[in-house]
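J.: Pasting model-v5.pdb here (PDB, C-alpha atoms, pLDDT in the B column):
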ATOM      1  CA  MET J  61       0.000   0.000   0.000  1.00 76.00           C
ATOM      2  CA  THR J  62       1.393   3.388  -0.991  1.00 88.00           C
ATOM      3  CA  PRO J  63       1.811   6.280   1.489  1.00 91.00           C
ATOM      4  CA  LEU J  64      -0.865   8.199  -0.432  1.00 91.00           C
ATOM      5  CA  ALA J  65      -3.364   5.361  -0.074  1.00 91.00           C
ATOM      6  CA  LEU J  66      -2.631   5.000   3.642  1.00 94.00           C
ATOM      7  CA  SER J  67      -3.006   8.753   4.141  1.00 94.00           C
ATOM      8  CA  MET J  68      -6.363   8.705   2.334  1.00 94.00           C
ATOM      9  CA  ILE J  69      -7.617   5.866   4.526  1.00 95.00           C
ATOM     10  CA  ILE J  70      -6.579   7.650   7.746  1.00 96.00           C
ATOM     11  CA  CYS J  71      -8.109  10.948   6.617  1.00 96.00           C
ATOM     12  CA  ALA J  72     -11.333   9.174   5.658  1.00 97.00           C
ATOM     13  CA  TYR J  73     -11.586   7.626   9.119  1.00 97.00           C
ATOM     14  CA  LEU J  74     -10.953  10.967  10.831  1.00 97.00           C
ATOM     15  CA  LEU J  75     -13.545  12.722   8.666  1.00 97.00           C
ATOM     16  CA  GLY J  76     -16.028   9.936   9.358  1.00 96.00           C
ATOM     17  CA  SER J  77     -15.378  10.366  13.085  1.00 96.00           C
ATOM     18  CA  ILE J  78     -17.065  13.782  13.060  1.00 96.00           C
ATOM     19  CA  SER J  79     -20.554  12.961  14.362  1.00 94.00           C
ATOM     20  CA  SER J  80     -22.962  15.136  12.395  1.00 95.00           C
ATOM     21  CA  ALA J  81     -25.958  14.012  14.439  1.00 95.00           C
ATOM     22  CA  VAL J  82     -24.406  14.915  17.790  1.00 94.00           C
ATOM     23  CA  LEU J  83     -23.097  18.290  16.601  1.00 95.00           C
ATOM     24  CA  ILE J  84     -26.322  19.316  14.883  1.00 96.00           C
ATOM     25  CA  CYS J  85     -28.383  18.275  17.892  1.00 95.00           C
ATOM     26  CA  ARG J  86     -26.116  20.347  20.136  1.00 94.00           C
ATOM     27  CA  LEU J  87     -26.452  23.313  17.779  1.00 95.00           C
ATOM     28  CA  LEU J  88     -30.256  23.019  17.760  1.00 93.00           C
ATOM     29  CA  ARG J  89     -30.406  22.324  21.525  1.00 93.00           C
ATOM     30  CA  LEU J  90     -31.926  18.890  20.989  1.00 93.00           C
ATOM     31  CA  PRO J  91     -31.278  15.832  23.194  1.00 93.00           C
ATOM     32  CA  ASP J  92     -28.137  13.828  22.506  1.00 93.00           C
ATOM     33  CA  PRO J  93     -29.214  11.190  19.918  1.00 93.00           C
ATOM     34  CA  ARG J  94     -26.931   8.657  21.576  1.00 91.00           C
ATOM     35  CA  SER J  95     -29.047   8.686  24.739  1.00 90.00           C
ATOM     36  CA  VAL J  96     -32.637   8.990  23.459  1.00 88.00           C
ATOM     37  CA  GLY J  97     -34.845   7.234  20.930  1.00 81.00           C
ATOM     38  CA  SER J  98     -32.970   4.353  19.350  1.00 80.00           C
ATOM     39  CA  ASN J  99     -29.684   5.671  20.841  1.00 87.00           C
ATOM     40  CA  ASN J 100     -28.305   5.836  17.307  1.00 88.00           C
ATOM     41  CA  PRO J 101     -26.643   9.087  16.163  1.00 93.00           C
ATOM     42  CA  GLY J 102     -28.092   9.006  12.668  1.00 90.00           C
ATOM     43  CA  ALA J 103     -30.664  10.821  10.549  1.00 90.00           C
ATOM     44  CA  THR J 104     -33.575   8.493  11.370  1.00 85.00           C
ATOM     45  CA  ASN J 105     -33.204   8.945  15.124  1.00 89.00           C
ATOM     46  CA  VAL J 106     -32.686  12.700  14.754  1.00 93.00           C
ATOM     47  CA  MET J 107     -35.953  12.854  12.800  1.00 90.00           C
ATOM     48  CA  ARG J 108     -37.710  11.197  15.751  1.00 86.00           C
ATOM     49  CA  ILE J 109     -36.394  13.743  18.229  1.00 89.00           C
ATOM     50  CA  GLY J 110     -35.998  16.881  16.108  1.00 90.00           C
ATOM     51  CA  GLY J 111     -38.047  16.653  12.937  1.00 90.00           C
ATOM     52  CA  LYS J 112     -37.393  16.420   9.220  1.00 91.00           C
ATOM     53  CA  LYS J 113     -35.225  19.530   8.757  1.00 93.00           C
ATOM     54  CA  SER J 114     -32.659  18.541  11.359  1.00 94.00           C
ATOM     55  CA  ALA J 115     -32.685  14.966  10.011  1.00 93.00           C
ATOM     56  CA  ALA J 116     -32.069  16.239   6.466  1.00 94.00           C
ATOM     57  CA  ALA J 117     -29.071  18.245   7.694  1.00 95.00           C
ATOM     58  CA  VAL J 118     -27.635  15.164   9.403  1.00 96.00           C
ATOM     59  CA  LEU J 119     -28.256  13.030   6.308  1.00 94.00           C
ATOM     60  CA  LEU J 120     -26.448  15.498   4.033  1.00 96.00           C
ATOM     61  CA  CYS J 121     -23.455  15.848   6.356  1.00 97.00           C
ATOM     62  CA  ASP J 122     -23.174  12.094   6.860  1.00 96.00           C
ATOM     63  CA  MET J 123     -23.246  11.508   3.105  1.00 96.00           C
ATOM     64  CA  LEU J 124     -20.525  14.104   2.546  1.00 96.00           C
ATOM     65  CA  LYS J 125     -18.276  12.247   4.996  1.00 96.00           C
ATOM     66  CA  GLY J 126     -18.242   9.373   2.518  1.00 95.00           C
ATOM     67  CA  THR J 127     -18.342  11.383  -0.704  1.00 96.00           C
ATOM     68  CA  ILE J 128     -15.454  13.771  -0.009  1.00 96.00           C
ATOM     69  CA  PRO J 129     -12.641  11.224   0.613  1.00 96.00           C
ATOM     70  CA  VAL J 130     -13.797   8.834  -2.140  1.00 94.00           C
ATOM     71  CA  TRP J 131     -14.177  11.618  -4.680  1.00 94.00           C
ATOM     72  CA  ALA J 132     -10.710  12.869  -3.725  1.00 94.00           C
ATOM     73  CA  GLY J 133      -9.462   9.345  -4.388  1.00 91.00           C
ATOM     74  CA  TYR J 134     -10.990   9.419  -7.866  1.00 85.00           C
ATOM     75  CA  PHE J 135      -9.153  12.641  -8.701  1.00 87.00           C
ATOM     76  CA  LEU J 136      -5.924  11.108  -7.419  1.00 89.00           C
ATOM     77  CA  GLU J 137      -6.598   8.006  -9.583  1.00 85.00           C
ATOM     78  CA  ILE J 138      -6.527   5.543  -6.705  1.00 88.00           C
ATOM     79  CA  GLU J 139      -7.402   1.997  -7.775  1.00 89.00           C
ATOM     80  CA  PRO J 140     -10.928   0.663  -7.066  1.00 87.00           C
ATOM     81  CA  LEU J 141      -9.916  -1.713  -4.255  1.00 88.00           C
ATOM     82  CA  ILE J 142      -8.166   1.073  -2.329  1.00 91.00           C
ATOM     83  CA  LEU J 143     -11.181   3.309  -2.925  1.00 90.00           C
ATOM     84  CA  GLY J 144     -13.233   0.598  -1.263  1.00 90.00           C
ATOM     85  CA  LEU J 145     -10.921   0.692   1.749  1.00 93.00           C
ATOM     86  CA  VAL J 146     -11.229   4.486   1.859  1.00 95.00           C
ATOM     87  CA  ALA J 147     -15.030   4.151   1.864  1.00 93.00           C
ATOM     88  CA  ILE J 148     -14.885   1.512   4.601  1.00 94.00           C
ATOM     89  CA  ALA J 149     -12.593   3.741   6.665  1.00 96.00           C
ATOM     90  CA  ALA J 150     -15.086   6.617   6.412  1.00 96.00           C
ATOM     91  CA  CYS J 151     -17.908   4.319   7.516  1.00 95.00           C
ATOM     92  CA  LEU J 152     -15.829   2.896  10.373  1.00 95.00           C
ATOM     93  CA  GLY J 153     -15.184   6.465  11.492  1.00 96.00           C
ATOM     94  CA  HIS J 154     -18.930   7.093  11.505  1.00 95.00           C
ATOM     95  CA  MET J 155     -19.646   3.836  13.343  1.00 94.00           C
ATOM     96  CA  TYR J 156     -16.771   4.118  15.829  1.00 95.00           C
ATOM     97  CA  PRO J 157     -15.881   7.840  15.958  1.00 95.00           C
ATOM     98  CA  LEU J 158     -12.552   8.692  17.530  1.00 94.00           C
ATOM     99  CA  PHE J 159     -13.840  12.084  18.700  1.00 91.00           C
ATOM    100  CA  PHE J 160     -17.080  10.790  20.264  1.00 91.00           C
ATOM    101  CA  HIS J 161     -15.996   7.878  22.474  1.00 89.00           C
ATOM    102  CA  PHE J 162     -16.347   5.374  19.589  1.00 91.00           C
ATOM    103  CA  LYS J 163     -20.156   5.478  19.888  1.00 88.00           C
ATOM    104  CA  GLY J 164     -21.484   6.121  16.388  1.00 92.00           C
ATOM    105  CA  GLY J 165     -24.199   5.331  13.890  1.00 90.00           C
ATOM    106  CA  LYS J 166     -24.918   2.577  11.397  1.00 91.00           C
ATOM    107  CA  GLY J 167     -23.068   4.126   8.438  1.00 92.00           C
ATOM    108  CA  VAL J 168     -25.839   3.896   5.833  1.00 92.00           C
ATOM    109  CA  ALA J 169     -25.770   7.548   4.744  1.00 93.00           C
ATOM    110  CA  THR J 170     -21.956   7.618   4.781  1.00 95.00           C
ATOM    111  CA  ALA J 171     -21.860   4.460   2.658  1.00 94.00           C
ATOM    112  CA  LEU J 172     -24.325   5.981   0.193  1.00 93.00           C
ATOM    113  CA  GLY J 173     -22.164   9.080  -0.006  1.00 94.00           C
ATOM    114  CA  ALA J 174     -19.108   6.915  -0.644  1.00 94.00           C
ATOM    115  CA  ILE J 175     -20.897   5.086  -3.464  1.00 93.00           C
ATOM    116  CA  ALA J 176     -22.146   8.333  -5.070  1.00 92.00           C
ATOM    117  CA  PRO J 177     -18.914   9.077  -7.008  1.00 90.00           C
ATOM    118  CA  ILE J 178     -19.310   5.799  -8.916  1.00 88.00           C
ATOM    119  CA  GLY J 179     -22.284   7.353 -10.683  1.00 89.00           C
ATOM    120  CA  TRP J 180     -25.506   9.215 -10.028  1.00 89.00           C
ATOM    121  CA  ASP J 181     -27.480   6.506 -11.817  1.00 92.00           C
ATOM    122  CA  LEU J 182     -26.304   3.958  -9.236  1.00 93.00           C
ATOM    123  CA  THR J 183     -26.884   6.398  -6.368  1.00 93.00           C
ATOM    124  CA  LEU J 184     -30.428   7.222  -7.448  1.00 94.00           C
ATOM    125  CA  LEU J 185     -31.225   3.547  -7.943  1.00 95.00           C
ATOM    126  CA  ILE J 186     -30.030   2.751  -4.407  1.00 95.00           C
ATOM    127  CA  MET J 187     -31.951   5.692  -2.931  1.00 94.00           C
ATOM    128  CA  PHE J 188     -35.117   4.703  -4.804  1.00 96.00           C
ATOM    129  CA  THR J 189     -34.835   1.128  -3.527  1.00 96.00           C
ATOM    130  CA  TRP J 190     -34.421   2.308   0.062  1.00 94.00           C
ATOM    131  CA  LEU J 191     -37.348   4.717  -0.266  1.00 94.00           C
ATOM    132  CA  VAL J 192     -39.741   2.120  -1.691  1.00 96.00           C
ATOM    133  CA  ILE J 193     -38.945  -0.430   1.013  1.00 95.00           C
ATOM    134  CA  ALA J 194     -39.130   2.201   3.772  1.00 92.00           C
ATOM    135  CA  VAL J 195     -42.505   3.482   2.546  1.00 93.00           C
ATOM    136  CA  VAL J 196     -43.972  -0.006   2.154  1.00 94.00           C
ATOM    137  CA  PHE J 197     -42.706  -1.565   5.391  1.00 93.00           C
ATOM    138  CA  ARG J 198     -42.037   1.582   7.512  1.00 90.00           C
ATOM    139  CA  TYR J 199     -38.738   0.232   8.843  1.00 91.00           C
ATOM    140  CA  SER J 200     -35.635   2.288   8.099  1.00 88.00           C
ATOM    141  CA  SER J 201     -33.309  -0.521   9.162  1.00 91.00           C
ATOM    142  CA  LEU J 202     -35.065  -3.117   6.985  1.00 94.00           C
ATOM    143  CA  ALA J 203     -34.860  -0.750   4.019  1.00 94.00           C
ATOM    144  CA  ALA J 204     -31.140  -0.259   4.645  1.00 93.00           C
ATOM    145  CA  ILE J 205     -30.399  -3.972   4.990  1.00 95.00           C
ATOM    146  CA  ILE J 206     -32.279  -4.989   1.843  1.00 96.00           C
ATOM    147  CA  THR J 207     -30.824  -2.095  -0.136  1.00 96.00           C
ATOM    148  CA  VAL J 208     -27.206  -2.873   0.730  1.00 94.00           C
ATOM    149  CA  LEU J 209     -27.768  -6.530  -0.109  1.00 94.00           C
ATOM    150  CA  ILE J 210     -28.962  -5.492  -3.572  1.00 96.00           C
ATOM    151  CA  ALA J 211     -26.389  -2.698  -4.091  1.00 95.00           C
ATOM    152  CA  PRO J 212     -23.541  -4.993  -5.293  1.00 96.00           C
ATOM    153  CA  LEU J 213     -25.844  -6.350  -8.014  1.00 96.00           C
ATOM    154  CA  TYR J 214     -26.709  -2.823  -9.113  1.00 96.00           C
ATOM    155  CA  THR J 215     -22.994  -1.988  -9.188  1.00 95.00           C
ATOM    156  CA  TRP J 216     -22.166  -5.065 -11.256  1.00 96.00           C
ATOM    157  CA  LEU J 217     -24.802  -4.076 -13.808  1.00 95.00           C
ATOM    158  CA  ILE J 218     -23.646  -0.442 -14.024  1.00 93.00           C
ATOM    159  CA  LYS J 219     -19.888  -0.379 -13.285  1.00 91.00           C
ATOM    160  CA  PRO J 220     -18.689  -3.936 -12.609  1.00 93.00           C
ATOM    161  CA  GLN J 221     -15.118  -2.904 -11.732  1.00 90.00           C
ATOM    162  CA  TYR J 222     -16.444  -1.480  -8.453  1.00 91.00           C
ATOM    163  CA  THR J 223     -18.496  -4.512  -7.455  1.00 93.00           C
ATOM    164  CA  LEU J 224     -15.937  -5.882  -4.976  1.00 91.00           C
ATOM    165  CA  PRO J 225     -15.371  -2.645  -3.016  1.00 89.00           C
ATOM    166  CA  VAL J 226     -19.130  -1.968  -2.884  1.00 93.00           C
ATOM    167  CA  ALA J 227     -19.742  -5.535  -1.689  1.00 94.00           C
ATOM    168  CA  MET J 228     -17.102  -5.083   1.035  1.00 91.00           C
ATOM    169  CA  LEU J 229     -18.775  -1.887   2.155  1.00 92.00           C
ATOM    170  CA  CYS J 230     -22.232  -3.464   2.146  1.00 93.00           C
ATOM    171  CA  CYS J 231     -21.067  -6.409   4.270  1.00 93.00           C
ATOM    172  CA  LEU J 232     -19.866  -3.938   6.887  1.00 93.00           C
ATOM    173  CA  ILE J 233     -23.252  -2.200   6.930  1.00 94.00           C
ATOM    174  CA  VAL J 234     -25.135  -5.485   7.353  1.00 94.00           C
ATOM    175  CA  LEU J 235     -22.871  -6.530  10.239  1.00 94.00           C
ATOM    176  CA  ARG J 236     -23.438  -3.166  11.920  1.00 92.00           C
ATOM    177  CA  HIS J 237     -27.197  -3.775  11.782  1.00 93.00           C
ATOM    178  CA  HIS J 238     -27.067  -7.020  13.795  1.00 92.00           C
ATOM    179  CA  GLN J 239     -29.083  -5.518  16.662  1.00 91.00           C
ATOM    180  CA  ASN J 240     -31.694  -4.175  14.240  1.00 91.00           C
ATOM    181  CA  ILE J 241     -32.004  -7.619  12.683  1.00 94.00           C
ATOM    182  CA  ARG J 242     -32.697  -9.105  16.120  1.00 94.00           C
ATOM    183  CA  ARG J 243     -35.339  -6.446  16.828  1.00 92.00           C
ATOM    184  CA  LEU J 244     -36.951  -6.959  13.429  1.00 93.00           C
ATOM    185  CA  VAL J 245     -37.231 -10.686  14.108  1.00 94.00           C
ATOM    186  CA  SER J 246     -38.675 -10.088  17.590  1.00 94.00           C
ATOM    187  CA  GLY J 247     -41.022  -7.339  16.373  1.00 91.00           C
ATOM    188  CA  THR J 248     -39.572  -4.610  18.616  1.00 90.00           C
ATOM    189  CA  GLU J 249     -37.896  -2.471  15.965  1.00 88.00           C
ATOM    190  CA  PRO J 250     -39.343   1.092  15.913  1.00 83.00           C
ATOM    191  CA  LYS J 251     -40.966   2.208  12.681  1.00 83.00           C
ATOM    192  CA  VAL J 252     -40.086   5.330  10.681  1.00 75.00           C
ATOM    193  CA  GLY J 253     -41.756   8.416  12.142  1.00 63.00           C
ATOM    194  CA  LYS J 254     -42.706   6.713  15.398  1.00 62.00           C
ATOM    195  CA  LYS J 255     -41.695   8.611  18.514  1.00 56.00           C
ATOM    196  CA  THR J 256     -40.618   6.349  21.332  1.00 51.00           C
ATOM    197  CA  ALA J 257     -41.087   7.274  24.975  1.00 49.00           C
ATOM    198  CA  SER J 258     -37.350   7.748  25.430  1.00 47.00           C
ATOM    199  CA  SER J 259     -37.186  10.147  22.487  1.00 47.00           C
ATOM    200  CA  LEU J 260     -39.460  12.553  24.357  1.00 46.00           C
ATOM    201  CA  LYS J 261     -37.141  12.909  27.332  1.00 48.00           C
ATOM    202  CA  LYS J 262     -35.531  16.265  27.911  1.00 43.00           C
ATOM    203  CA  PRO J 263     -31.743  16.476  28.142  1.00 41.00           C
ATOM    204  CA  SER J 264     -30.476  16.569  31.698  1.00 36.00           C
TER
END
If you convert what's in this file into C-alpha cells, what do you get?

T.:
Amino acid sequence: MTPLALSMIICAYLLGSISSAVLICRLLRLPDPRSVGSNNPGATNVMRIGGKKSAAAVLLCDMLKGTIPVWAGYFLEIEPLILGLVAIAACLGHMYPLFFHFKGGKGVATALGAIAPIGWDLTLLIMFTWLVIAVVFRYSSLAAIITVLIAPLYTWLIKPQYTLPVAMLCCLIVLRHHQNIRRLVSGTEPKVGKKTASSLKKPS
C-alpha cells in the first residue's frame, strides 16, 4: 500500500469520526441522539427527536463524509480496491468515531455518499430502492439492509469494476445492523416516524 493510499484511509476515518448528528443536535439544543430514541446518532433517530429539517441536515453531512474522501481518491486516480478501503474507513469512522468515544451510527448515509462518485445513476437507484422499502414496510433498518444486499448487483450491472469494493462496504453495513435484525425478528424495531417514549425525554 502506498503512502498516499494509507493517508487517504486515515483521513477518511478521521472525517467519518465527526458525528454530524451529535453536533447538529447540540447546535439546535436537541437531546443527545446517543441517549434517546434508538440511541443511534443518525438521521432516522434525529428525525424522531428533532423533525425532518434537522434529520435532512444530518443526512447530508453524513453523506458528505463518505463522498469527499472517495471523490478525492478518484481525482488522485486511486485503484478501485483502495477506494473501497477508503469508503470503509469513512464508515468505520462514523460507526466508531474517535472524537465521540467510539459510539457512532450505522453508516448507511456515509456508505451511500461513498458510493455516489461511482455514478448518479447507481446512487439514485439505491436511494429509490431504500425509499420504496421504507414506505412499504415503515422500517428504516429493513430498508437499509435490503438495499445494501442489492447494491452490489446494481454496481455489477452499471460499473462492474467497483463490485468488490461496494460488496465489502455493504457487508460492513449489514454486520453493523445485527441488533436491528434481532429487533426486526422479535417485532420490537421502531418504525419510521414513530416517537418512542425515550425520544421525548428532555436532556439533563

J.: Restricting the calculation to only C-alpha atoms: of J:Arg89, J:Lys251, J:Lys112, J:Arg94, which residue gets closest to Ala194 of chain J?

T.: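 The closest residue to Ala194 of chain J is J:Lys251.
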
J.: Using all atoms listed in the file, find the one residue out of J:Ser98, J:Thr189, J:Thr207, J:Thr215 that sits nearest to Ile233 of chain J.

T.: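 Among the listed residues, J:Thr207 lies closest to Ile233 of chain J.
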
J.: Given the file shown, determine the residues that the PyMOL selection byres ((chain J and resi 123-136) around 8) selects; report them as a PyMOL selection string.

T.: chain J and resi 68+71-72+75-76+119-122+137-138+143+146-147+150-151+169-177

J.: Just want the 8 Å neighbourhood of Val226 of chain J, counted on all atoms listed in the file, with same-chain residues fewer than 4 positions away dropped. Output as a PyMOL selection string.

T.: chain J and resi 144+175+211-212+215+222+230

J.: Every residue with an atom at most 10 Å from (-28.6, 8.3, 14.1) (file coordinates; only C-alpha atoms) is what I'm after, so could you write them as a ChimeraX atom specification?

T.: /J:79-82,93-94,97-108,115,118-119,122,164-169

J.: From (-12.0, 3.4, 10.7), in the file's coordinates, out to 9 Å: which residues are reached, counting only C-alpha atoms? Answer as a PDB file with C-alpha atoms, keeping the file's coordinate frame.

T.:
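Once everything was written out, this is result29.pdb:
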ATOM      1  CA  ILE J  69      -7.617   5.866   4.526  1.00 95.00           C
ATOM      2  CA  ILE J  70      -6.579   7.650   7.746  1.00 96.00           C
ATOM      3  CA  ALA J  72     -11.333   9.174   5.658  1.00 97.00           C
ATOM      4  CA  TYR J  73     -11.586   7.626   9.119  1.00 97.00           C
ATOM      5  CA  LEU J  74     -10.953  10.967  10.831  1.00 97.00           C
ATOM      6  CA  GLY J  76     -16.028   9.936   9.358  1.00 96.00           C
ATOM      7  CA  SER J  77     -15.378  10.366  13.085  1.00 96.00           C
ATOM      8  CA  VAL J 146     -11.229   4.486   1.859  1.00 95.00           C
ATOM      9  CA  ILE J 148     -14.885   1.512   4.601  1.00 94.00           C
ATOM     10  CA  ALA J 149     -12.593   3.741   6.665  1.00 96.00           C
ATOM     11  CA  ALA J 150     -15.086   6.617   6.412  1.00 96.00           C
ATOM     12  CA  CYS J 151     -17.908   4.319   7.516  1.00 95.00           C
ATOM     13  CA  LEU J 152     -15.829   2.896  10.373  1.00 95.00           C
ATOM     14  CA  GLY J 153     -15.184   6.465  11.492  1.00 96.00           C
ATOM     15  CA  HIS J 154     -18.930   7.093  11.505  1.00 95.00           C
ATOM     16  CA  MET J 155     -19.646   3.836  13.343  1.00 94.00           C
ATOM     17  CA  TYR J 156     -16.771   4.118  15.829  1.00 95.00           C
ATOM     18  CA  PRO J 157     -15.881   7.840  15.958  1.00 95.00           C
ATOM     19  CA  LEU J 158     -12.552   8.692  17.530  1.00 94.00           C
TER      20      LEU J 158
END

J.: Going by the chain IDs and residue numbers used in this file, which residues fall under the PyMOL selection byres ((chain J and resi 241-249) around 10)? Write them as a list in words.

T.: Ser98, Tyr199, Ser200, Ser201, Leu202, Ile205, Val234, Leu235, Arg236, His237, His238, Gln239, Asn240, Pro250, Lys251 and Val252 of chain J

J.: Just how far from atom CA of Val96 of chain J is atom CA of Leu83 of chain J, in Å to one decimal?

T.: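 Separating atom CA of Leu83 of chain J from atom CA of Val96 of chain J is a distance of 15.0 Å.
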